[in-house]
Structures are given as structure tokens and as C-alpha cells.
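Chemist: First the structure, then my questions, so here it is.
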Amino acid sequence: MASPAKFSSSFFFTLLLYFLSVTSLPPLTSSAITVPLSLSHFNPNPSPDTFQKLNHIASVSLSRAKHIKNPPSLSQITTKEPLFSHSYGGYSISLSVGTPPQTIPFLLDTGSDLVWFPCTHRYLCKNCSLPSNPTNIPSFIPKLSSSSKLLGCVNPKCGWIHDPDVQSRCRDCESDFKNCSQICPPYMILYGSGTTGGIALEETLDLPNLKVPDFVVGCSLFSSRQPAGIAGFGRGSASLPSQLGLSKFSYCLLSRKFDDSEMSSDLILDMGSTSDKKTEGLSYTPLLRNPFAGKSEFSVYYYIGLRRISVGGKKVKVPYKYLYPASDGNGGTIIDSGTTFTYMVGEVFDLVANEFVNQVKNYERAINVERITGLRPCFNISSGSETVSFPELKFQFKGGAELALPLANYFSIIDDAVCLTMVTDGVLGDGSDGGPSIILGNFQQQNFYMEFNLRNERLGFRHQSCNS
């Protein structure tokens with residue numbers, strides 16, 4: 001999850017002056033909108049070597065897991081669209097914003113809530129592995145939109161990003177909040193792999209056959225390791241599903257071979273469904289909430305009740321404390337489109353990995369590959385047959401729904417080796433016992449149709465081909 005950071009007053013005025021120097025600012029209907037969903041083309045670590053790509057994705061997955069588990073607690077800060085996949089593990093959509101509309105790519109992220117994009121011609125991006133010329137990064141230009149306006153500090157929507165208490169966030173207004181002209185303070189968002197900062201705007205979101213006025217977006221002026229904007233699809237008030245009042249959204253993630261693809265699948269935004277009827281052919285499990293009120297950052301996540309993990313039909317004896325969030329908010333399982341490789345806390349991962357090692361007798365461990373990729377266990381398949389066979393990995397959830405993963409969703413073949421595509425603490429760094437114990441990443445969701453029913457708070461899924 002992304003978390004807002006606190007600013008000093010000097011930083012606020014510097015950022016505001018910079019923003020004003022580069023730009024000038026001037027009823028939802030029931031429908032279903034489909035947006036193309038694809039792998040992201042912004043690769044922060046371009047490398048032709050598959051081993052290095054796997055190492056990078058494993059590292060980024062673990063960094064994101066650490067952030068999701070320990071987000072900073074700081075006070076400030078039915079439609080179809082194509083969904084594209086990308087070599088470094090992300091999935092993107094393109095959305096049109098402004099009047100006239102400007103089309104910008106966004107990474108789909110169910111683990112955060114703010115929707116933001118690179119903003120102005122002078123957008124700065126450090127460590128983005130892109131040409132130094134910022135015009136190569138698709139950016140929103142507010143002065144070209146007649147509907148752009150700065151979000152006011154006393155506007156309740158400002159409380160979606162910063163402190164809900166207007167007196168805490170609008171200190172320059174003193175006691176005259178009725179006539180307060182202060183804008184919403186600048187935000188700085190911290191992600192597991194980077195940061196971004198900017199000014200909040202109200203804009204028109206232009207969807208097919210639907211215009212949404214006064215949609216809150218972040219106009220980011222600088223970022224680190226975040227070249228593309230992010231569309232937050234979490235449970236927070238600022239997220240795209242919350243602002244649109246979606247009853248549900250669904251996607252199907254294309255499988256990847258660690259290269260960018262022009263193919264896309266569909267992201268479906270459903271605003272009109274009021275039916276409690278379940279979609280035929282889907283298995284369902286309830287979407288749960290973290291019971292700990294003291295860590296509001298956890299409220300953005302989509303928790304699901306994982307009851308059992310099995311390898312090759314054998315139950316892995318996972319301690320109960322890892323399966324459900326405790327009263328202190330720690331533990332449990334979340335599903336996250338922004339994490340690539342599934343994360344498991346050390347004790348759970350070791351139980352699962354050791355079970356694979358115990359059951360796989362036909363292949364020797366590829367220790368050198370494990371060292372290069374940061375993944376384990378890896379096995380040498382050079383002396384094997386043309387087809388490889390490994391134990392099935394299955395997750396069972398509350399309500400009886402079972403997620404039986406295809407082999408390609410949890411093992412990747414690299415030359416003459418195959419590696420388990422999951423990460424844990426200690427593989428690429430130390431972690432913490434706080435936060436979710438298991439984060440189900442997008443690699444494990446490939447070629448599954450996933451339906452997030454927000455009205456009835458349940459997750460539905462089925463295995464299918466996502467190629468459109």
C-alpha cells in the first residue's frame with residue numbers, strides 16, 4: 001500500500017510555486033465500461049538476461065511486501081478498458097482525463113488508493129531508466145484542460161489524502177475555515193519501490209459514454225522509480241472504484257514471459273449492478289477486513305480467508321496465526337495486483353518450499369540459479385524429459401473455494417532450471433512479522449478471471465484464457 005508523507009511548510013511553498021510556474025488552471029449513470037489491460041511498457045530495470053529479470057522482480061516483490069506489511073503511519077499526504085501486461089511485472093490501463101481529454105497510462109494497483117499521473121512538461125523522474133528528456137514520459141498538462149482545478153484544503157476530499165481533521169491540515173486558515181482559500185497540501189506517496197509527490201486536482205474523468213466531473217487525481221511533479229502513473233483500486237475513499245461508486249470490478253491478467261506484450265485483456269468496471277446473484281462459473285470467497293482500527297493503512301487491502309495450502313495433495317500445516325488477522329492487525333492474506341511474486345512470511349514459505357523439496361525427487365537442486373535469481377527452490381531439469389512434472393499447488397479459502405494453480409503460475413523455467421516464483425524474508429533481505437502474512441501476487445493470478453464484488457464483499461474467480 002502507498003502511504004502519504006508529512007511535509008514541512010517550506011517544502012509546501014516551494015512545490016506550490018513550482019507548480020504555479022509551469023501550469024495555469026482553469027449525474028453518474030449506470031453502465032459497464034471495459035478498459036484494455038496490458039503489461040506495462042515502463043521498465044525500470046531493462047535487461048535482456050532472464051536471470052537478472054527474475055532477480056529484479058523478486059527484489060521488487062519483496063520490497064513491496066515489506067511496505068505493504070509496514071506502511072508508514074503519517075497524517076499528511078459496467079465499463080471495459082484494455083489491460084496490458086509488462087516485462088517487469090506490472091499491468092497497465094489507459095484512462096482519459098481533462099477537457100479535452102488527455103490519455104495517460106496507469107499501473108493497476110489494488111493495494112493503494114490514490115489515482116495519480118505524471119504532470120506538466122517538467123515532470124522529474126529519478127532512477128526511472130528512461131531517457132533524460134521528460135517529454136518521453138506521457139504526462140498530463142493541466143493548462144491544456146479547461147476542467148482542471150486545484151483541490152481546496154477545506155474540501156472533504158482533501159481528507160482522503162491527508163488528515164480528515166480540517167483544522168489539522170488547513171493550519172494557514174486559522175479559524176476562518178469558511179473563507180479559507182488554502183489549497184490541499186502537497187502529497188508525497190511512498191511505495192515499496194519508489195515515491196512520488198505533487199498537488200491534488202479535481203478533474204473530469206472521461207470514460208466511454210460517461211464523464212465523471214470533480215474526480216480527485218494527483219498531479220505528480222516528481223517521482224523516484226515511478227515513471228508511470230498509478231490507478232489505485234484499493235478500498236480507500238480516493239480510489240477509482242470508490243470515487244465511481246462501483247458495485248464491482250473484474251479483470252483477467254495475461255500470462256507473461258518477462259517481455260512486454262502488445263496483447264491486452266479486459267478490465268471491467270460495473271457501476272450499475274444491484275443484483276446479489278453470483279456470476280455463473282465462479283468460485284467465491286468473502287472479502288474480509290482487518291479488525292485492527294489502530295492501523296488505518298491496512299483498511300485499503302482486500303483480505304481473503306485462506307484456510308489451507310496443499311502441495312501435491314498434502315496439506316501444509318500452516319499455524320493459524322498466519323491465516324487470519326489477529327487483534328493487532330497482523331497476519332492474514334491479501335490479494336494484490338501490484339505485487340508480482342506471491343510473498344509469504346518466513347515460517348509459511350519454508351513449510352511450502354520444503355514440501356516441494358521433499359516431493360520433487362527427479363531433479364537436483366540448482367543452487368547456483370537460486371543464488372543468481374534470489375528464488376528458491378530451483379531445480380535442474382537439463383537431464384529430464386521434454387515435459388516436466390511438479391506437485392500441484394492449491395489454496396483453499398473460506399466458503400470452500402479452491403484456487404488450483406497451473407504449473408506456470410508458480411514455477412518458471414529459465415534455460416535448464418525451474419524456480420518457485422514466490423519470495424520471503426531473508427531471501428533478498430530481512431523482513432518483519434507485522435502486516436499480512438501472505439500477499440497473493442499477480443503472477444499467481446495469471447489467466448484467472450477475478451471479480452471483486454464490492455457491494456456484496458466477495459471475491460470470485462475461475463481459471464480461463466485471458467487473450468482477447
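Quick note on naming: the chains in the C-alpha cells go A, B, ... in the order shown, residues restart at 1 in each chain, and ligands are numbered from 1 in order of appearance.
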Would you please extract all strand (DSSP E) residues from range 170-276 of chain A, as assigned by DSSP on the backbone, and give them as a PyMOL selection string?

Modeler: chain A and resi 187-190+195-207+210-224+229-232+248-252+265-270

Chemist: Identify, on the basis of only C-alpha atoms, every residue whose closest approach to range 113-125 of chain A does not exceed 6 Å; exclude the query and any residue fewer than 3 positions from it along the same chain; express the result as JSON, numbers by chain.

Modeler: {"A": [139, 140, 141, 217, 218, 219, 220, 221, 222, 223, 224, 229, 230, 231, 232, 233, 234, 236, 238, 239]}

Chemist: Among the residues of range 183-283 of chain A, find those DSSP assigns to helix (DSSP H, G or I) from the backbone and print them as number ranges by chain.

Modeler: A: 240-244

Chemist: Determine, counting only C-alpha atoms, which protein, DNA and RNA residues have an atom within 7 Å of an atom of Arg458 in chain A; residues of the same chain fewer than 2 positions away are not included. Present the result as a compact mmCIF listing (two decimals) with C-alpha atoms, in the first residue's frame.

Modeler:
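Output below, filename result-v4.txt:
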# COMPACT_ATOMS: atom_id res chain seq x y z
CA TYR A 284 -16.46 -17.28 -4.33
CA THR A 285 -14.87 -16.40 -1.03
CA PRO A 286 -15.74 -13.41 1.21
CA LEU A 287 -13.66 -10.23 1.07
CA PHE A 452 -14.11 -8.02 -6.87
CA ASN A 453 -17.74 -7.64 -5.79
CA LEU A 454 -17.65 -4.53 -3.62
CA ASN A 456 -21.55 -7.89 -1.50
CA GLY A 460 -15.00 -14.61 -7.36

Chemist: Work out how far apart CA of Glu392 in chain A and CA of Phe411 in chain A are and give it in Å to one decimal.

Modeler: 10.5 Å

Chemist: For Met344 in chain A, list every protein, DNA or RNA residue within 8 Å, evaluated using only C-alpha atoms, and leave out those in the same chain fewer than 2 positions away; present the list as a ChimeraX atom specification.

Modeler: /A:342,346,348-349,422-424,437-439
